[in-house]
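Q: Next comes final28.txt, compact mmCIF, C-alpha atoms:
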# COMPACT_ATOMS: atom_id res chain seq x y z
CA MET Z 169 -147.45 90.83 -78.50
CA GLN Z 170 -148.13 94.54 -78.23
CA ARG Z 171 -149.31 96.45 -81.24
CA ILE Z 172 -148.34 99.87 -82.58
CA LEU Z 173 -150.05 101.71 -85.40
CA ILE Z 174 -148.31 104.46 -87.38
CA ALA Z 175 -150.73 106.60 -89.36
CA SER Z 176 -149.58 109.08 -91.98
CA ASP Z 177 -150.25 110.00 -95.58
CA ASP Z 178 -146.53 110.66 -96.04
CA GLU Z 179 -145.05 107.27 -96.80
CA PHE Z 180 -141.47 108.42 -96.17
CA ALA Z 181 -142.22 109.72 -92.66
CA ARG Z 182 -144.27 106.61 -91.86
CA GLU Z 183 -141.44 104.34 -92.94
CA LEU Z 184 -138.87 106.40 -91.03
CA ILE Z 185 -140.82 106.02 -87.79
CA ARG Z 186 -141.52 102.33 -88.47
CA LEU Z 187 -137.82 101.59 -88.96
CA THR Z 188 -137.03 103.50 -85.76
CA LEU Z 189 -139.37 101.27 -83.77
CA VAL Z 190 -138.10 97.98 -85.21
CA GLY Z 191 -136.74 95.65 -82.53
CA LEU Z 192 -138.95 96.83 -79.67
CA GLY Z 193 -140.75 93.52 -79.62
CA ALA Z 194 -144.04 94.99 -80.80
CA GLU Z 195 -146.01 94.42 -83.95
CA VAL Z 196 -145.83 97.66 -85.97
CA ARG Z 197 -148.51 98.34 -88.56
CA CYS Z 198 -148.89 101.33 -90.86
CA SER Z 199 -151.87 103.02 -92.46
CA CYS Z 200 -152.92 106.27 -94.06
CA CYS Z 201 -154.56 108.92 -91.88
CA GLY Z 202 -158.31 109.39 -91.71
CA GLU Z 203 -160.82 106.62 -92.37
CA ALA Z 204 -158.24 103.90 -93.02
CA MET Z 205 -156.75 104.53 -89.57
CA GLU Z 206 -160.17 104.57 -87.90
CA ARG Z 207 -161.24 101.35 -89.66
CA LEU Z 208 -158.06 99.59 -88.54
CA CYS Z 209 -158.52 100.80 -84.96
CA ALA Z 210 -162.11 99.53 -84.98
CA ARG Z 211 -160.88 96.02 -85.90
CA VAL Z 212 -157.67 95.83 -83.82
CA LEU Z 213 -157.01 97.10 -80.32
CA PHE Z 214 -153.62 98.81 -80.49
CA ASP Z 215 -151.44 99.73 -77.52
CA LEU Z 216 -150.04 102.81 -79.17
CA VAL Z 217 -151.18 104.89 -82.14
CA ILE Z 218 -148.72 107.38 -83.62
CA VAL Z 219 -150.36 109.90 -85.92
CA LEU Z 220 -148.06 112.05 -88.03
CA ARG Z 221 -150.59 114.80 -88.74
CA THR Z 222 -152.79 117.12 -86.74
CA ALA Z 223 -155.53 117.45 -89.35
CA PRO Z 224 -157.52 114.31 -88.34
CA PHE Z 225 -158.08 115.86 -84.89
CA PHE Z 226 -159.30 119.20 -86.24
CA CYS Z 227 -161.61 118.01 -88.99
CA GLY Z 228 -164.75 118.04 -86.86
CA ARG Z 229 -164.94 114.24 -86.41
CA GLU Z 230 -164.66 112.67 -83.00
CA THR Z 231 -161.32 111.06 -83.93
CA ILE Z 232 -160.14 110.24 -80.41
CA GLY Z 233 -163.47 108.54 -79.68
CA ARG Z 234 -163.04 106.40 -82.78
CA LEU Z 235 -159.43 105.47 -81.98
CA ARG Z 236 -159.97 104.73 -78.28
CA PRO Z 237 -163.02 102.66 -77.31
CA GLU Z 238 -165.10 104.23 -74.57
CA GLY Z 239 -164.06 103.29 -71.04
CA LEU Z 240 -160.61 102.09 -72.08
CA ARG Z 241 -157.30 103.86 -71.47
CA ARG Z 242 -155.62 102.44 -74.51
CA PRO Z 243 -154.42 102.96 -77.13
CA THR Z 244 -152.06 105.71 -76.04
CA ILE Z 245 -152.08 108.35 -78.76
CA TYR Z 246 -148.96 110.23 -79.87
CA VAL Z 247 -149.13 113.01 -82.44
CA ILE Z 248 -146.00 114.11 -84.29
CA SER Z 249 -146.18 117.11 -86.59
CA TRP Z 250 -144.36 120.22 -87.76
CA GLN Z 251 -146.75 122.58 -85.97
CA GLN Z 252 -145.31 124.37 -82.96
CA ALA Z 253 -148.06 126.81 -82.09
CA GLU Z 254 -148.96 126.58 -78.40
CA ARG Z 255 -152.66 126.80 -79.21
CA THR Z 256 -152.48 123.74 -81.48
CA VAL Z 257 -150.60 121.71 -78.89
CA LEU Z 258 -153.04 122.64 -76.12
CA SER Z 259 -156.05 121.84 -78.31
CA LEU Z 260 -154.63 118.41 -79.10
CA LEU Z 261 -153.89 117.62 -75.46
CA GLU Z 262 -157.36 118.84 -74.46
CA CYS Z 263 -159.04 116.59 -76.98
CA GLY Z 264 -157.32 113.52 -75.53
CA VAL Z 265 -153.93 113.13 -77.21
CA ASP Z 266 -151.37 111.78 -74.73
CA GLN Z 267 -148.13 113.14 -76.20
CA TYR Z 268 -147.31 115.77 -78.77
CA LEU Z 269 -143.89 115.83 -80.44
CA THR Z 270 -142.64 118.16 -83.13
CA PHE Z 271 -140.44 117.57 -86.13
CA PRO Z 272 -137.44 117.63 -86.29
CA LEU Z 273 -137.50 114.68 -83.99
CA SER Z 274 -134.86 112.78 -82.05
CA LEU Z 275 -135.34 109.18 -83.14
CA GLN Z 276 -133.52 107.86 -80.07
CA ARG Z 277 -135.84 109.79 -77.77
CA LEU Z 278 -138.93 108.61 -79.61
CA ARG Z 279 -137.73 105.02 -79.38
CA ALA Z 280 -137.02 105.38 -75.65
CA LYS Z 281 -140.40 107.01 -75.06
CA VAL Z 282 -142.26 104.26 -76.93
CA ALA Z 283 -140.23 101.56 -75.15
CA ASP Z 284 -141.11 103.14 -71.78
CA ASN Z 285 -144.76 103.28 -72.75
CA LEU Z 286 -144.84 99.64 -73.82
CA THR Z 287 -142.93 98.50 -70.72
CA GLY Z 288 -145.36 100.39 -68.49
CA LYS Z 289 -148.24 98.63 -70.20
CA ARG Z 290 -146.58 95.24 -69.81
CA LEU Z 291 -146.14 95.82 -66.06
CA MET Q 117 -166.87 108.17 -152.27
CA ASN Q 118 -163.60 109.75 -153.32
CA PRO Q 119 -160.75 107.19 -152.85
CA PHE Q 120 -158.49 109.98 -151.59
CA ASP Q 121 -161.00 110.72 -148.82
CA THR Q 122 -161.03 107.06 -147.80
CA ILE Q 123 -157.21 106.93 -147.70
CA GLY Q 124 -157.10 110.22 -145.74
CA ALA Q 125 -159.61 108.92 -143.20
CA ALA Q 126 -157.68 105.68 -142.85
CA ILE Q 127 -154.40 107.57 -142.31
CA ALA Q 128 -156.07 109.83 -139.72
CA ALA Q 129 -157.49 106.79 -137.91
CA VAL Q 130 -154.12 105.05 -137.90
CA ALA Q 131 -152.39 108.25 -136.68
CA ALA Q 132 -154.96 108.64 -133.90
CA GLY Q 133 -154.51 105.00 -132.93
CA VAL Q 134 -150.72 105.31 -132.88
CA SER Q 135 -150.95 108.55 -130.80
CA LEU Q 136 -153.26 106.86 -128.32
CA ALA Q 137 -151.00 103.84 -128.08
CA LEU Q 138 -147.95 106.05 -127.54
CA LEU Q 139 -149.79 108.08 -124.89
CA LEU Q 140 -150.90 104.92 -123.12
CA GLY Q 141 -147.37 103.50 -123.32
CA GLU Q 142 -145.90 106.70 -121.86
CA THR Q 143 -148.45 106.77 -119.03
CA LEU Q 144 -147.74 103.14 -118.17
CA ARG Q 145 -143.98 103.75 -118.33
CA ARG Q 146 -144.25 106.74 -115.97
CA ARG Q 147 -146.45 104.82 -113.57
CA ARG Q 148 -144.05 101.86 -113.59
CA GLU Q 149 -141.09 104.21 -113.03
CA ALA Q 150 -142.83 106.00 -110.15
CA GLY Q 151 -143.59 102.63 -108.57
CA ARG Q 152 -139.97 101.56 -109.04
CA ASP Q 153 -138.77 104.84 -107.52
CA ASP Q 154 -141.02 104.29 -104.50
CA ILE Q 155 -139.63 100.80 -103.97
CA LEU Q 156 -136.05 102.01 -104.40
CA ARG Q 157 -136.60 104.95 -102.02
CA ARG Q 158 -137.94 102.54 -99.39
CA ARG Q 159 -134.90 100.29 -99.85
CA TYR Q 160 -132.49 103.21 -99.57
CA LEU Q 161 -134.23 104.43 -96.43
CA ARG Q 162 -134.03 100.96 -94.88
CA ILE Q 163 -130.33 100.62 -95.72
CA ALA Q 164 -129.52 104.11 -94.38
CA MET Q 165 -131.45 103.47 -91.14
CA CYS Q 166 -129.70 100.10 -90.67
CA ALA Q 167 -126.34 101.86 -91.13
CA LEU Q 168 -127.35 104.48 -88.54
CA HIS Q 169 -128.38 101.77 -86.06
CA ALA Q 170 -125.30 99.60 -86.66
CA ASP Q 171 -122.68 102.40 -86.81
CA ASP Q 172 -119.85 99.90 -87.44
CA GLY Q 173 -117.77 102.23 -89.60
CA ALA Q 174 -118.70 100.47 -92.83
CA VAL Q 175 -120.24 102.26 -95.79
CA PRO Q 176 -123.48 100.52 -96.75
CA ARG Q 177 -124.04 99.43 -100.32
CA PHE Q 178 -126.97 101.06 -102.10
CA PRO Q 179 -128.15 98.93 -105.03
CA MET Q 180 -128.98 100.11 -108.55
CA LEU Q 181 -127.22 103.45 -108.21
CA HIS Q 182 -126.31 103.30 -111.90
CA ARG Q 183 -130.01 103.67 -112.78
CA ALA Q 184 -131.18 107.05 -114.03
CA GLY Q 185 -132.48 109.12 -111.12
CA ALA Q 186 -131.23 106.70 -108.45
CA ARG Q 187 -128.52 109.04 -107.16
CA LEU Q 188 -131.11 111.80 -106.78
CA LEU Q 189 -133.34 109.35 -104.90
CA LEU Q 190 -130.47 108.56 -102.53
CA ALA Q 191 -129.77 112.28 -101.99
CA GLU Q 192 -133.48 112.93 -101.35
CA THR Q 193 -133.66 110.00 -98.92
CA LEU Q 194 -130.68 111.19 -96.88
CA ALA Q 195 -131.93 114.79 -96.99
CA GLY Q 196 -135.36 113.58 -95.82
CA ILE Q 197 -133.83 111.77 -92.85
CA VAL Q 198 -131.71 114.79 -91.90
CA THR Q 199 -134.58 117.27 -92.26
CA MET Q 200 -137.01 115.29 -90.11
CA THR Q 201 -134.62 114.44 -87.31
CA TYR Q 202 -131.98 115.83 -84.99
CA GLY Q 203 -129.30 114.21 -82.88
CA LEU Q 204 -128.40 111.59 -85.49
CA ASP Q 205 -124.82 110.47 -85.88
CA GLY Q 206 -123.62 112.85 -88.61
CA THR Q 207 -120.46 110.86 -89.33
CA VAL Q 208 -122.40 107.89 -90.71
CA LEU Q 209 -124.37 110.07 -93.11
CA ARG Q 210 -121.25 112.07 -93.97
CA ARG Q 211 -119.45 108.80 -94.78
CA ILE Q 212 -122.26 107.82 -97.17
CA VAL Q 213 -122.26 111.25 -98.83
CA GLU Q 214 -118.48 111.09 -99.32
CA ALA Q 215 -118.38 107.48 -100.49
CA TYR Q 216 -120.99 108.05 -103.19
CA GLY Q 217 -119.81 111.58 -104.04
CA LEU Q 218 -123.30 112.99 -103.52
CA ASP Q 219 -122.14 116.52 -102.69
CA GLU Q 220 -119.96 116.70 -105.81
CA TRP Q 221 -122.76 115.22 -107.91
CA LEU Q 222 -125.26 117.76 -106.54
CA LEU Q 223 -122.83 120.63 -107.18
CA CYS Q 224 -122.51 119.39 -110.76
CA ARG Q 225 -126.31 119.33 -111.12
CA VAL Q 226 -126.51 122.83 -109.63
CA ARG Q 227 -124.00 124.05 -112.23
CA ARG Q 228 -125.90 122.50 -115.12
CA SER Q 229 -129.43 123.52 -114.12
CA GLN Q 230 -131.24 126.82 -113.80
CA GLY Q 231 -134.05 128.49 -111.89
CA TYR Q 232 -136.12 126.46 -109.47
CA ARG Q 233 -134.41 123.20 -110.42
CA ARG Q 234 -131.12 124.76 -109.35
CA ALA Q 235 -132.75 125.96 -106.11
CA ARG Q 236 -134.03 122.43 -105.49
CA TYR Q 237 -130.54 120.91 -105.86
CA LEU Q 238 -129.12 123.61 -103.58
CA SER Q 239 -131.77 122.86 -100.95
CA LEU Q 240 -130.78 119.16 -101.08
CA LEU Q 241 -127.17 120.21 -100.68
CA ALA Q 242 -128.14 122.30 -97.63
CA ALA Q 243 -129.82 119.27 -96.06
CA LEU Q 244 -126.94 116.83 -96.59
CA PRO Q 245 -124.07 116.75 -94.12
CA ALA Q 246 -121.50 118.43 -96.36
CA ASP Q 247 -117.97 119.64 -95.56
CA GLU Q 248 -116.96 123.27 -95.14
CA SER Q 249 -115.55 123.66 -98.64
CA ILE Q 250 -119.11 123.50 -100.05
CA ALA Q 251 -119.86 126.87 -98.42
CA GLY Q 252 -117.26 128.60 -100.61
CA ARG Q 253 -118.38 126.78 -103.74
CA VAL Q 254 -122.00 127.91 -103.55
CA VAL Q 255 -121.19 131.59 -102.94
CA ARG Q 256 -121.41 132.39 -106.67
CA TYR Q 257 -125.10 131.41 -106.71
CA GLY Q 258 -125.75 134.23 -104.25
CA ASN Q 259 -125.69 136.54 -107.29
CA SER Q 260 -128.32 134.61 -109.21
CA ARG Q 261 -131.31 136.45 -110.70
CA CYS Q 262 -133.67 133.93 -109.08
CA ARG Q 263 -134.48 134.77 -105.47
CA SER Q 264 -134.97 131.16 -104.37
CA VAL Q 265 -131.54 130.21 -105.83
CA ARG Q 266 -129.91 133.08 -103.92
CA PHE Q 267 -131.57 132.04 -100.68
CA GLN Q 268 -130.91 128.31 -101.08
CA ALA Q 269 -127.26 129.13 -101.78
CA LEU Q 270 -127.19 131.04 -98.50
CA LEU Q 271 -128.82 128.10 -96.72
CA ALA Q 272 -126.30 125.64 -98.18
CA GLY Q 273 -123.52 127.96 -96.99
CA LEU Q 274 -125.02 128.19 -93.50
CA ALA Q 275 -125.38 124.42 -93.21
CA ALA Q 276 -121.87 123.70 -94.49
CA ASP Q 277 -120.08 126.34 -92.41
CA PRO Q 278 -122.18 127.40 -89.37
CA THR Q 279 -119.27 129.34 -87.85
CA SER Q 280 -119.68 132.06 -90.48
CA ALA Q 281 -123.49 132.10 -90.24
CA LEU Q 282 -123.77 135.64 -88.83
CA ARG Q 283 -121.53 137.12 -91.52
CA ARG Q 284 -123.35 135.29 -94.30
CA MET Q 285 -126.80 136.38 -93.12
CA GLU Q 286 -125.53 139.94 -92.67
CA GLU Q 287 -124.20 140.03 -96.21
CA TYR Q 288 -127.47 138.77 -97.70
CA ALA Q 289 -128.69 141.77 -99.66
CA GLU Q 290 -132.49 141.66 -99.35
CA PRO Q 291 -134.77 141.35 -96.33
CA PHE Q 292 -135.73 137.79 -95.43
CA SER Q 293 -139.35 136.81 -96.01
CA GLU Q 294 -141.34 134.93 -93.37
CA ALA Q 295 -140.86 131.66 -95.23
CA GLU Q 296 -137.10 132.22 -95.46
CA VAL Q 297 -136.82 132.95 -91.74
CA ALA Q 298 -138.79 129.74 -91.08
CA GLN Q 299 -136.25 127.77 -93.14
CA ILE Q 300 -133.36 129.29 -91.19
CA LEU Q 301 -135.13 128.40 -87.94
CA ALA Q 302 -135.60 124.83 -89.18
CA LEU Q 303 -131.78 124.64 -89.50
CA LEU Q 304 -131.53 126.00 -85.99
CA ARG Q 305 -133.95 123.44 -84.58
CA ARG Q 306 -131.89 120.68 -86.13
CA GLY Q 307 -128.94 121.96 -84.10
CA VAL Q 308 -126.96 123.17 -87.11
CA LEU Q 309 -126.97 126.81 -85.93
CA PRO Q 310 -126.64 128.01 -82.32
CA VAL Q 311 -129.72 129.39 -80.47
CA ALA Q 312 -128.04 132.66 -79.46
CA TYR Q 313 -130.68 135.34 -79.85
CA GLU Q 314 -128.81 138.25 -78.19
CA PRO Q 315 -126.21 139.06 -80.86
CA LEU Q 316 -128.97 138.74 -83.46
CA VAL Q 317 -131.50 140.99 -81.73
CA MET Q 318 -128.85 143.63 -80.93
CA SER Q 319 -127.33 143.61 -84.42
CA PRO Q 320 -127.77 146.71 -86.61
CA CYS Q 321 -128.57 144.40 -89.55
CA GLY Q 322 -132.32 144.05 -90.16
CA ASN Q 323 -132.10 140.43 -91.35
CA LEU Q 324 -130.24 139.32 -88.23
CA ARG Q 325 -132.75 141.11 -86.03
CA ARG Q 326 -135.62 139.46 -87.86
CA VAL Q 327 -134.10 136.01 -87.26
CA GLY Q 328 -133.41 136.96 -83.62
CA LEU Q 329 -137.02 138.04 -83.07
CA SER Q 330 -138.26 134.79 -84.59
CA ILE Q 331 -136.03 132.82 -82.22
CA VAL Q 332 -137.43 134.78 -79.27
CA ARG Q 333 -140.98 134.12 -80.46
CA GLN Q 334 -140.52 130.46 -81.24
CA PHE Q 335 -138.67 129.55 -78.05
CA GLY Q 336 -140.67 131.93 -75.82
CA ILE Q 337 -137.58 133.71 -74.43
CA GLU Q 338 -139.10 136.14 -71.91
CA GLU Q 339 -135.69 137.51 -70.87
CA ALA Q 340 -135.56 139.31 -74.21
CA GLU Q 341 -138.33 141.74 -73.13
CA PRO Q 342 -136.06 144.77 -72.33
CA ARG Q 343 -134.33 144.40 -75.69
CA LEU Q 344 -137.66 144.17 -77.50
CA LEU Q 345 -138.88 147.33 -75.77
CA ARG Q 346 -135.69 149.11 -76.80
CA ILE Q 347 -136.28 148.16 -80.46
CA VAL Q 348 -139.88 149.42 -80.19
CA ALA Q 349 -138.64 152.71 -78.70
CA ASP Q 350 -135.57 153.27 -80.91
CA GLU Q 351 -137.18 152.67 -84.27
CA PRO Q 352 -140.78 153.75 -83.82
CA ALA Q 353 -141.62 153.90 -87.53
CA SER Q 354 -139.91 150.76 -88.84
CA ALA Q 355 -141.47 147.42 -89.70
CA LEU Q 356 -138.96 145.80 -87.38
CA SER Q 357 -140.34 147.64 -84.35
CA ALA Q 358 -143.83 146.42 -85.30
CA GLU Q 359 -142.40 142.91 -85.39
CA ALA Q 360 -140.83 143.46 -81.97
CA LEU Q 361 -144.24 144.60 -80.70
CA TYR Q 362 -145.91 141.46 -82.06
CA THR Q 363 -143.14 139.41 -80.45
CA LEU Q 364 -143.95 141.04 -77.10
CA CYS Q 365 -147.60 140.12 -77.67
CA SER Q 366 -146.77 136.51 -78.47
CA LEU Q 367 -144.73 136.33 -75.25
CA ARG Q 368 -147.84 137.74 -73.52
CA ARG Q 369 -145.85 140.47 -71.79
CA PRO Q 370 -147.63 143.51 -70.32
CA LEU Q 371 -148.14 146.15 -73.00
CA ILE Q 372 -148.97 149.13 -70.76
CA ARG Q 373 -145.58 150.72 -71.42
CA ARG Q 374 -144.55 154.13 -72.65
CA GLU Q 375 -142.62 152.61 -75.59
CA VAL Q 376 -145.63 150.57 -76.70
CA ARG Q 377 -148.01 153.52 -76.32
CA ASP Q 378 -145.74 155.74 -78.46
CA ARG Q 379 -145.47 153.05 -81.14
CA VAL Q 380 -149.22 152.42 -81.23
CA GLU Q 381 -149.88 156.16 -81.58
CA ARG Q 382 -147.78 156.23 -84.73
CA MET Q 383 -149.67 153.31 -86.28
CA GLY Q 384 -152.37 153.77 -88.91
CA ALA Q 385 -155.96 152.67 -88.19
CA ALA Q 386 -155.57 149.38 -90.11
CA GLU Q 387 -152.31 148.55 -88.32
CA ARG Q 388 -153.91 149.24 -84.94
CA ARG Q 389 -156.84 146.96 -85.74
CA ALA Q 390 -154.44 144.22 -86.87
CA LEU Q 391 -152.63 144.56 -83.53
CA ILE Q 392 -155.95 144.40 -81.68
CA ARG Q 393 -156.86 141.17 -83.47
CA TYR Q 394 -153.46 139.68 -82.63
CA MET Q 395 -153.86 140.70 -78.99
CA ALA Q 396 -157.29 139.05 -78.88
CA ARG Q 397 -155.75 135.86 -80.20
CA GLU Q 398 -153.14 135.98 -77.46
CA ASN Q 399 -155.89 136.37 -74.82
CA TYR Q 400 -155.04 139.86 -73.52
CA SER Q 401 -157.49 141.20 -70.97
CA PRO Q 402 -159.63 144.12 -72.25
CA ARG Q 403 -159.37 145.76 -68.81
CA PHE Q 404 -156.37 148.04 -69.39
CA LEU Q 405 -156.81 148.45 -73.10
CA HIS Q 406 -158.15 152.01 -72.88
CA ARG Q 407 -154.65 153.13 -71.88
CA ILE Q 408 -153.35 152.29 -75.35
CA PHE Q 409 -156.38 152.41 -77.63
CA ASP Q 410 -159.32 154.78 -78.01
CA GLU Q 411 -162.88 153.95 -77.02
CA GLY Q 412 -163.98 152.71 -80.45
CA GLU Q 413 -161.03 150.35 -80.66
CA CYS Q 414 -161.67 149.04 -77.14
CA LEU Q 415 -165.24 148.22 -78.21
CA TYR Q 416 -163.88 146.51 -81.33
CA TYR Q 417 -161.61 144.41 -79.08
CA GLU Q 418 -164.49 143.39 -76.85
CA THR Q 419 -166.56 142.43 -79.89
CA ILE Q 420 -163.77 140.10 -81.06
CA VAL Q 421 -163.29 138.59 -77.61
CA ARG Q 422 -167.01 137.86 -77.27
CA SER Q 423 -167.37 136.36 -80.72
CA TYR Q 424 -166.21 133.08 -82.18
CA LYS Q 425 -163.83 135.14 -84.34
CA ARG Q 426 -161.24 135.26 -81.56
CA THR Q 427 -159.89 131.90 -82.67
CA LEU Q 428 -159.79 133.05 -86.27
CA ALA Q 429 -158.32 136.53 -85.67
With the file now loaded, output its structure as structure tokens.
A:
Amino acid sequence: MQRILIASDDEFARELIRLTLVGLGAEVRCSCCGEAMERLCARVLFDLVIVLRTAPFFCGRETIGRLRPEGLRRPTIYVISWQQAERTVLSLLECGVDQYLTFPLSLQRLRAKVADNLTGKRL
Amino acid sequence: MNPFDTIGAAIAAVAAGVSLALLLGETLRRRREAGRDDILRRRYLRIAMCALHADDGAVPRFPMLHRAGARLLLAETLAGIVTMTYGLDGTVLRRIVEAYGLDEWLLCRVRRSQGYRRARYLSLLAALPADESIAGRVVRYGNSRCRSVRFQALLAGLAADPTSALRRMEEYAEPFSEAEVAQILALLRRGVLPVAYEPLVMSPCGNLRRVGLSIVRQFGIEEAEPRLLRIVADEPASALSAEALYTLCSLRRPLIRREVRDRVERMGAAERRALIRYMARENYSPRFLHRIFDEGECLYYETIVRSYKRTLA
């Protein structure tokens, strides 16, 4: 079974995304951002990590390196946040994030995107 | 020892003990309530999301709505879903709002509260899918003494009746702040208001122009350049023309224009330096800068570009 991690300090947003992804046939786990997320990623190899904040990527730590083991292409990392500044988006993509989405978010599109991602991995 | 002293000390000790116990009890009660609220909010969210997925025309049942604060939790949950998403089926949420009378209940709370609490209830009302009649019923709060109440009343009106959005924004008496424009744009991104920048940018009303310029900036509408240049040329001394100039910068359009040069000449030294910092952040080349700025300012620009401060400017 494929595994998805949703990381956010905002419990409401985390739950909203989790409920959107129910029924995709993947195990969905949730955690807070920061060290809890990194610890979980060190123990479990996820297929997709959805982070609902940009701060972990700009705090000076090598977050992507901690989420994605060296030499591997997974987990795919999605970041969803309220920030729309082009500079922020570019910085995130440059540091290794695979997709950046902004709030407000279309839940159907997110679900389709995640389903596509998981199907691609299965193939 | 005086027996009265002993009795006094004993009474003080008992009073302190009782106070501590009461304080502890209150803390525990609050913590328990907060925990219960969290659980209830999660349940309401799950039920609302199931209803959105199923969309079978039935109104879901939300448990424990008779509990104090539960109706507010339900309103906050629905408002949270609406605020964070777009493209959801509005009829399902509208059905829930109608079945549980949330709009009427919120209007009642708005009537009975004051100040920021009233603004909070109005902001919830603006986030819920309400019917058009709400727009007329919140008009009276547009005369409130509290600025946030006035603005949230406007927002509730805009959300309930988007067809009259231009008129409502035009009638709003004071200039919108940056934060207020951001809240209007959040409505727009949710698809509540149309993304039609032209009537806004061309309007004689300052507030409408400000919203229009923000739309141009946020969506990167380069076709708006001639209109922006006209604003810069027509109103060389106003704050709005400065905003139009910054919008041109954020679109990264060429600034070697007569209109821009005239506007920059009228700026004070501090304003010019602020513009230089903004231009550095938008990665303008220093090559043609001497056509707009003097030598000292060109050197200042180059100093910013060469330093780490460019990202902070």
Q: Between Z:Val219, Z:Leu187, Z:Ile245, Z:Leu213, which one has atoms that come closest to Asp266 (chain Z), using only C-alpha atoms?
A: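 Residue with the minimum atom-to-atom distance to Asp266 (chain Z): Z:Ile245.
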Q: Define the interface residues of chain Z facing chain Q as those within 12 Å, counting only C-alpha atoms, and report them as a ChimeraX atom specification.
A: /Z:178-191,220,248-256,259,269-279
Q: Find the distance between CA of Ala170 (chain Q) and CA of Asp219 (chain Q) and write it in Å to one decimal.
A: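 Computing it gives 23.5 Å between the two atoms.
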Q: What does the structure give for the distance between CA of Ile408 (chain Q) and CA of Ala360 (chain Q), in Å to one decimal?
A: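 Between CA of Ile408 (chain Q) and CA of Ala360 (chain Q) the gap is 16.7 Å.
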Q: Using CA of Arg241 (chain Z) and CA of Gly228 (chain Z) as the two end points, give the distance in Å to one decimal.
A: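 Interatomic distance here is 22.2 Å.
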Q: With all atoms listed in the file as the counted atoms, please give the residues lying no more than 10 Å from Ala289 (chain Q), apart from itself and same-chain residues fewer than 6 positions off, as a list in words.
A: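 After dropping sequence-adjacent residues, the list is Gly258, Asn259, Arg266 and Asn323 of chain Q.
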Q: Hey, which of Z:Cys209, Z:Ile172, Z:Phe214, Z:Thr244 ends up closest to Glu195 (chain Z)? Count all atoms listed in the file.
A: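 Nearest to Glu195 (chain Z): Z:Ile172.
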Q: So that I can see what lies close to region 213-218 of chain Q, please list as a list in words the residues with an atom at most 8 Å from it, counting all atoms listed in the file and leaving out residues fewer than 2 positions away in the same chain.
A: Val175, Arg187, Ala191, Leu209, Arg210, Arg211, Glu220, Trp221, Leu222, Leu244, Pro245 and Ala246 of chain Q
Q: Go ahead and dump the residues you just picked, C-alpha atoms, as a PDB file, keeping the file's coordinate frame.
A:
ATOM      1  CA  VAL Q 175    -120.240 102.260 -95.790  1.00  0.00           C
ATOM      2  CA  ARG Q 187    -128.520 109.040-107.160  1.00  0.00           C
ATOM      3  CA  ALA Q 191    -129.770 112.280-101.990  1.00  0.00           C
ATOM      4  CA  LEU Q 209    -124.370 110.070 -93.110  1.00  0.00           C
ATOM      5  CA  ARG Q 210    -121.250 112.070 -93.970  1.00  0.00           C
ATOM      6  CA  ARG Q 211    -119.450 108.800 -94.780  1.00  0.00           C
ATOM      7  CA  GLU Q 220    -119.960 116.700-105.810  1.00  0.00           C
ATOM      8  CA  TRP Q 221    -122.760 115.220-107.910  1.00  0.00           C
ATOM      9  CA  LEU Q 222    -125.260 117.760-106.540  1.00  0.00           C
ATOM     10  CA  LEU Q 244    -126.940 116.830 -96.590  1.00  0.00           C
ATOM     11  CA  PRO Q 245    -124.070 116.750 -94.120  1.00  0.00           C
ATOM     12  CA  ALA Q 246    -121.500 118.430 -96.360  1.00  0.00           C
TER      13      ALA Q 246
END
Q: Would you list the residues near (-123.9, 124.9, -112.6) (no more than 12 Å away, in the coordinates of the file, using all atoms listed in the file) as a tab-separated table (two decimals) with C-alpha atoms, keeping the file's coordinate frame?
A:
chain	number	residue	atom	x	y	z
Q	220	GLU	CA	-119.96	116.70	-105.81
Q	221	TRP	CA	-122.76	115.22	-107.91
Q	222	LEU	CA	-125.26	117.76	-106.54
Q	223	LEU	CA	-122.83	120.63	-107.18
Q	224	CYS	CA	-122.51	119.39	-110.76
Q	225	ARG	CA	-126.31	119.33	-111.12
Q	226	VAL	CA	-126.51	122.83	-109.63
Q	227	ARG	CA	-124.00	124.05	-112.23
Q	228	ARG	CA	-125.90	122.50	-115.12
Q	229	SER	CA	-129.43	123.52	-114.12
Q	230	GLN	CA	-131.24	126.82	-113.80
Q	231	GLY	CA	-134.05	128.49	-111.89
Q	233	ARG	CA	-134.41	123.20	-110.42
Q	234	ARG	CA	-131.12	124.76	-109.35
Q	235	ALA	CA	-132.75	125.96	-106.11
Q	237	TYR	CA	-130.54	120.91	-105.86
Q	238	LEU	CA	-129.12	123.61	-103.58
Q	253	ARG	CA	-118.38	126.78	-103.74
Q	254	VAL	CA	-122.00	127.91	-103.55
Q	256	ARG	CA	-121.41	132.39	-106.67
Q	257	TYR	CA	-125.10	131.41	-106.71
Q	260	SER	CA	-128.32	134.61	-109.21
Q	265	VAL	CA	-131.54	130.21	-105.83
Q: Can you tell me, as a PyMOL selection string, what residues are no more than 8 Å from Val297 (chain Q) when counting all atoms listed in the file, ignoring any on the same chain fewer than 4 positions away?
A: chain Q and resi 292-293+301+326-327+330
